[in-house]
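Text of model-v2.txt, listed as compact mmCIF, C-alpha atoms:
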```txt
# COMPACT_ATOMS: atom_id res chain seq x y z
CA MET A 1 165.97 28.71 122.90
CA THR A 2 166.56 25.73 120.62
CA ILE A 3 165.17 22.44 121.89
CA SER A 4 165.97 18.97 120.62
CA VAL A 5 164.53 15.69 121.88
CA ARG A 6 166.15 12.26 121.93
CA LYS A 7 165.51 8.83 123.40
CA ALA A 8 166.80 8.41 126.94
CA SER A 9 169.77 6.19 127.81
CA GLU A 10 171.15 4.71 131.02
CA THR A 11 173.08 7.94 131.58
CA ASP A 12 169.82 9.89 132.02
CA VAL A 13 168.68 8.13 135.20
CA ASP A 14 169.16 11.24 137.36
CA ILE A 15 166.56 13.35 135.55
CA ILE A 16 164.31 10.30 135.03
CA ALA A 17 164.29 9.53 138.77
CA GLN A 18 163.56 13.20 139.50
CA ALA A 19 160.67 13.14 137.02
CA LEU A 20 159.21 9.97 138.53
CA LEU A 21 159.35 11.49 142.00
CA GLU A 22 158.23 15.05 141.27
CA SER A 23 155.50 14.27 138.77
CA SER A 24 153.99 11.59 141.01
CA ARG A 25 153.90 14.06 143.89
CA GLY A 26 152.56 16.91 141.74
CA GLY A 27 153.26 19.49 144.45
CA LYS A 28 151.79 17.31 147.22
CA LYS A 29 153.62 16.10 150.32
CA ILE A 30 153.47 12.49 149.16
CA GLY A 31 153.02 10.76 145.84
CA LEU A 32 152.70 7.29 144.42
CA PHE A 33 156.34 6.31 144.93
CA ASP A 34 156.40 7.49 148.55
CA LEU A 35 153.79 4.78 149.09
CA VAL A 36 155.34 2.15 146.83
CA PHE A 37 158.68 2.37 148.67
CA ASN A 38 157.10 3.24 152.03
CA THR A 39 159.33 6.24 152.64
CA SER A 40 159.30 9.98 151.97
CA ASP A 41 163.06 10.41 152.23
CA ASN A 42 164.05 12.05 148.94
CA GLU A 43 167.55 10.58 148.84
CA ALA A 44 166.28 7.04 149.41
CA LEU A 45 163.46 7.49 146.89
CA LEU A 46 165.75 8.82 144.16
CA SER A 47 168.13 5.93 144.74
CA HIS A 48 165.30 3.38 144.45
CA LEU A 49 163.89 5.09 141.35
CA LYS A 50 167.27 5.09 139.60
CA CYS A 51 167.49 1.35 140.22
CA LEU A 52 163.91 0.89 138.99
CA ALA A 53 164.72 2.75 135.76
CA LEU A 54 167.62 0.35 135.09
CA THR A 55 166.03 -3.05 135.79
CA SER A 56 166.23 -5.78 133.14
CA THR A 57 162.43 -5.92 133.43
CA LYS A 58 161.06 -3.07 131.32
CA SER A 59 158.28 -1.53 133.42
CA TYR A 60 156.71 1.82 132.54
CA ALA A 61 159.40 3.41 134.75
CA HIS A 62 162.23 1.95 132.62
CA PHE A 63 164.60 4.46 131.03
CA SER A 64 163.87 3.09 127.55
CA ASN A 65 160.35 4.58 127.70
CA PHE A 66 161.61 8.12 128.28
CA PHE A 67 162.51 11.01 126.01
CA ILE A 68 164.93 13.77 126.98
CA ALA A 69 164.62 17.43 125.97
CA LEU A 70 167.96 19.16 125.46
CA SER A 71 168.99 22.80 125.27
CA GLY A 72 172.63 23.49 124.46
CA GLY A 73 173.49 19.90 125.30
CA THR A 74 171.90 20.10 128.76
CA ALA A 75 168.96 17.91 129.75
CA VAL A 76 166.11 20.30 130.58
CA GLY A 77 163.09 17.99 130.63
CA THR A 78 161.76 14.50 130.14
CA ILE A 79 158.56 12.55 129.50
CA CYS A 80 157.61 8.88 129.56
CA GLY A 81 155.70 7.27 126.72
CA TYR A 82 154.76 3.61 127.02
CA GLU A 83 152.47 0.85 125.80
CA PRO A 84 150.15 -0.26 128.63
CA ARG A 85 149.47 -3.61 126.94
CA ILE A 86 153.20 -4.36 127.44
CA ALA A 87 154.14 -2.34 130.54
CA THR A 88 151.46 -3.82 132.82
CA HIS A 89 151.07 -3.71 136.60
CA GLU A 90 152.45 -7.25 136.67
CA ILE A 91 155.59 -6.12 134.88
CA PHE A 92 155.93 -3.22 137.33
CA SER A 93 155.69 -5.65 140.26
CA LYS A 94 158.33 -7.85 138.64
CA ALA A 95 160.68 -4.86 138.24
CA LEU A 96 160.16 -3.93 141.90
CA GLU A 97 160.91 -7.51 142.93
CA GLU A 98 164.14 -7.28 140.95
CA ILE A 99 165.33 -4.43 143.19
CA GLY A 100 164.16 -6.05 146.42
CA PHE A 101 160.56 -4.88 146.96
CA ASP A 102 157.55 -7.20 147.23
CA GLU A 103 153.89 -6.73 146.32
CA THR A 104 152.78 -5.42 149.72
CA TYR A 105 152.83 -1.95 148.13
CA HIS A 106 149.41 -2.76 146.58
CA GLU A 107 147.72 -2.14 149.93
CA ARG A 108 149.43 1.22 150.36
CA ILE A 109 148.36 2.51 146.91
CA ALA A 110 144.73 1.35 147.15
CA ALA A 111 143.42 4.93 146.90
CA PHE A 112 145.42 5.49 143.70
CA LEU A 113 144.13 2.26 142.16
CA LEU A 114 140.55 3.38 142.86
CA CYS A 115 140.99 6.44 140.66
CA GLU A 116 143.44 5.16 138.07
CA GLY A 117 142.03 5.14 134.54
CA GLU A 118 142.31 2.03 132.40
CA ALA A 119 143.83 2.39 128.95
CA ASP A 120 142.92 -0.19 126.33
CA ASN A 121 145.43 -2.07 124.18
CA LYS A 122 145.00 0.42 121.34
CA THR A 123 146.17 3.37 123.44
CA PHE A 124 149.63 4.86 123.99
CA VAL A 125 150.16 6.52 127.38
CA LEU A 126 152.17 9.60 128.39
CA ASP A 127 153.26 10.08 132.00
CA PHE A 128 155.96 11.43 134.34
CA MET A 129 156.57 14.71 132.53
CA LEU A 130 159.11 17.10 134.04
CA VAL A 131 160.65 20.32 132.76
CA LYS A 132 163.21 22.16 134.88
CA PRO A 133 161.72 25.40 136.29
CA GLU A 134 164.08 27.75 134.45
CA PHE A 135 163.22 26.12 131.09
CA LYS A 136 159.45 25.88 131.42
CA SER A 137 157.76 27.07 128.25
CA ILE A 138 155.03 25.68 126.03
CA ASP A 139 157.66 25.07 123.34
CA VAL A 140 159.58 22.60 125.52
CA TYR A 141 156.41 20.73 126.42
CA LYS A 142 155.34 20.76 122.77
CA GLU A 143 158.63 19.20 121.64
CA LEU A 144 158.54 16.49 124.32
CA ILE A 145 154.90 15.56 123.74
CA GLY A 146 155.28 15.83 119.96
CA LYS A 147 158.21 13.41 119.89
CA SER A 148 156.26 10.98 122.08
CA MET A 149 153.24 11.14 119.78
CA LEU A 150 155.42 10.55 116.72
CA THR A 151 156.69 7.38 118.38
CA ALA A 152 153.09 6.34 119.11
CA ARG A 153 152.16 6.82 115.44
CA LEU A 154 155.16 4.80 114.26
CA LYS A 155 154.07 1.97 116.54
CA GLY A 156 150.62 2.04 114.98
CA TYR A 157 148.69 3.81 117.74
CA ARG A 158 145.89 6.25 116.97
CA LYS A 159 145.05 7.32 120.54
CA VAL A 160 147.32 8.90 123.14
CA GLN A 161 146.19 9.37 126.73
CA THR A 162 147.57 10.90 129.89
CA SER A 163 146.32 11.25 133.45
CA VAL A 164 146.32 14.42 135.52
CA GLU A 165 145.20 14.89 139.10
CA ILE A 166 142.04 16.96 139.41
CA GLY A 167 143.27 20.31 140.66
CA SER A 168 146.67 20.09 138.94
CA ALA A 169 145.86 23.10 136.80
CA GLU A 170 149.29 23.61 135.18
CA ASN A 171 149.56 20.14 133.62
CA GLU A 172 145.89 20.13 132.62
CA LEU A 173 146.36 23.46 130.83
CA ILE A 174 149.52 22.30 129.05
CA TYR A 175 147.86 19.19 127.63
CA LYS A 176 144.72 21.09 126.64
CA LYS A 177 146.81 23.74 124.85
CA LEU A 178 148.41 20.95 122.83
CA GLY A 179 145.08 19.47 121.76
CA PHE A 180 144.17 16.93 124.44
CA GLU A 181 140.58 16.71 125.70
CA VAL A 182 139.25 15.42 129.02
CA ILE A 183 137.49 12.08 128.48
CA ASP A 184 136.64 11.10 132.06
CA GLU A 185 137.49 11.54 135.72
CA LYS A 186 137.32 9.41 138.83
CA ARG A 187 136.85 10.90 142.28
CA SER A 188 137.20 9.27 145.68
CA GLU A 189 137.03 10.51 149.27
CA TYR A 190 139.71 7.93 150.07
CA TYR A 191 141.97 9.49 147.42
CA LYS A 192 141.28 12.98 148.73
CA GLU A 193 142.06 11.88 152.27
CA GLN A 194 145.39 10.38 151.24
CA PHE A 195 146.56 12.83 148.55
CA ASP A 196 144.53 15.99 149.27
CA ARG A 197 143.21 15.98 145.68
CA PRO A 198 139.69 14.94 144.56
CA GLY A 199 140.87 12.29 142.11
CA ILE A 200 142.28 11.77 138.62
CA MET A 201 141.17 12.89 135.15
CA ARG A 202 142.15 11.34 131.84
CA LEU A 203 142.90 13.37 128.74
CA GLN A 204 143.15 12.01 125.22
CA MET A 205 144.23 13.00 121.73
CA ILE A 206 143.29 11.15 118.55
CA LEU A 207 146.28 10.95 116.23
```
The structure given in the file should be rewritten as structure tokens.
Amino acid sequence: MTISVRKASETDVDIIAQALLESSRGGKKIGLFDLVFNTSDNEALLSHLKCLALTSTKSYAHFSNFFIALSGGTAVGTICGYEPRIATHEIFSKALEEIGFDETYHERIAAFLLCEGEADNKTFVLDFMLVKPEFKSIDVYKELIGKSMLTARLKGYRKVQTSVEIGSAENELIYKKLGFEVIDEKRSEYYKEQFDRPGIMRLQMIL
């Protein structure tokens, strides 16, 4: 299977929205965006996430931060790579406001904020990785993550981080296979109560 990776465009919002939804849930009943939009209706969530990916405000969920893996011209996976010093929580709130949602979501995601790791301004962040089930292989993940890290290097970054829920063994294993190491973890009973996972770990690679 030959895999190529390119920057995402507006036409890729379907797979981007799916990645935002599925990766934030990570096999759980609810994820971050269920709480942000205060609904667990998949159709409504995908619609909101498509709009979020297309806002004029470039939050971390904006399509321009994503890469698309292709096999035979078909999109088979995606990953988000962004600069946290630019794509801040304030920018995310502004993008949400653009599509009609206010900042009351902060209260609903309090458990997530307790366990979220903070990346410094010298760090590039990877998130929202999705590969379609029939195309899952380490090679696809390697191409997606490799392209993201090349972009990080070109922008002058020397550290790349990602976050994985404690207990999400598949994603943890993928990143470790590709050279990432766990640097810390945050646990919370509040997080476990809401998401049925102990908390969040951060993994890092030095470029």
For a test of reading the model, state the distance in Å between atom CA of A:Thr55 and atom CA of A:Gly156, rounded to one decimal.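 Separating atom CA of A:Thr55 from atom CA of A:Gly156 is a distance of 26.4 Å.
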With distances taken over all atoms listed in the file, which of A:Gly81, A:Gly72, A:Gly167, A:Pro133 is nearest to A:Arg197? A:Gly167
Atom pair atom CA of A:Ile3 / atom CA of A:Ala69: separation (Å):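 Those two atoms sit 6.5 Å apart.
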Of the candidates A:Lys192, A:Arg6, A:Lys177, A:Arg202, which one gets nearest to A:Leu70 if we count only C-alpha atoms?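 Among the listed residues, A:Arg6 lies closest to A:Leu70.
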What's the 8 Å shell around A:Leu32, counting all atoms listed in the file, without same-chain residues fewer than 4 positions away, as a list in words?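 These residues fall inside the cut-off: Ser24, Arg25, Val36, Ile109 and Phe112 of chain A.
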Might you pull out every residue within 7 Å of A:Ile166, with only C-alpha atoms counted and same-chain residues fewer than 6 positions away left off, and present them as a CSV table (one decimal) with C-alpha atoms, in the frame of the given file?
```
chain,number,residue,atom,x,y,z
A,197,ARG,CA,143.2,16.0,145.7
A,198,PRO,CA,139.7,14.9,144.6
A,199,GLY,CA,140.9,12.3,142.1
A,200,ILE,CA,142.3,11.8,138.6
A,201,MET,CA,141.2,12.9,135.2
```
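Using only C-alpha atoms, the shortest contact distance between A:Phe128 and any of A:Gly100, A:Gly26, A:Gly179, A:Gly73 is found at A:Gly26.
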A:Tyr60: which residues within 10 Å, counting all atoms listed in the file, same-chain residues fewer than 3 positions away excluded, as an mmCIF file with C-alpha atoms, keeping the file's coordinate frame?
```
data_model
loop_
_atom_site.group_PDB
_atom_site.id
_atom_site.type_symbol
_atom_site.label_atom_id
_atom_site.label_comp_id
_atom_site.auth_asym_id
_atom_site.auth_seq_id
_atom_site.Cartn_x
_atom_site.Cartn_y
_atom_site.Cartn_z
ATOM 1 C CA LEU A 52 163.910 0.890 138.990
ATOM 2 C CA ALA A 53 164.720 2.750 135.760
ATOM 3 C CA THR A 57 162.430 -5.920 133.430
ATOM 4 C CA PHE A 63 164.600 4.460 131.030
ATOM 5 C CA SER A 64 163.870 3.090 127.550
ATOM 6 C CA ASN A 65 160.350 4.580 127.700
ATOM 7 C CA PHE A 66 161.610 8.120 128.280
ATOM 8 C CA CYS A 80 157.610 8.880 129.560
ATOM 9 C CA GLY A 81 155.700 7.270 126.720
ATOM 10 C CA TYR A 82 154.760 3.610 127.020
ATOM 11 C CA GLU A 83 152.470 0.850 125.800
ATOM 12 C CA PRO A 84 150.150 -0.260 128.630
ATOM 13 C CA ILE A 86 153.200 -4.360 127.440
ATOM 14 C CA ALA A 87 154.140 -2.340 130.540
ATOM 15 C CA THR A 88 151.460 -3.820 132.820
ATOM 16 C CA HIS A 89 151.070 -3.710 136.600
ATOM 17 C CA ILE A 91 155.590 -6.120 134.880
ATOM 18 C CA PHE A 92 155.930 -3.220 137.330
ATOM 19 C CA ALA A 95 160.680 -4.860 138.240
ATOM 20 C CA VAL A 125 150.160 6.520 127.380
ATOM 21 C CA LEU A 126 152.170 9.600 128.390
ATOM 22 C CA ASP A 127 153.260 10.080 132.000
ATOM 23 C CA PHE A 128 155.960 11.430 134.340
#
```
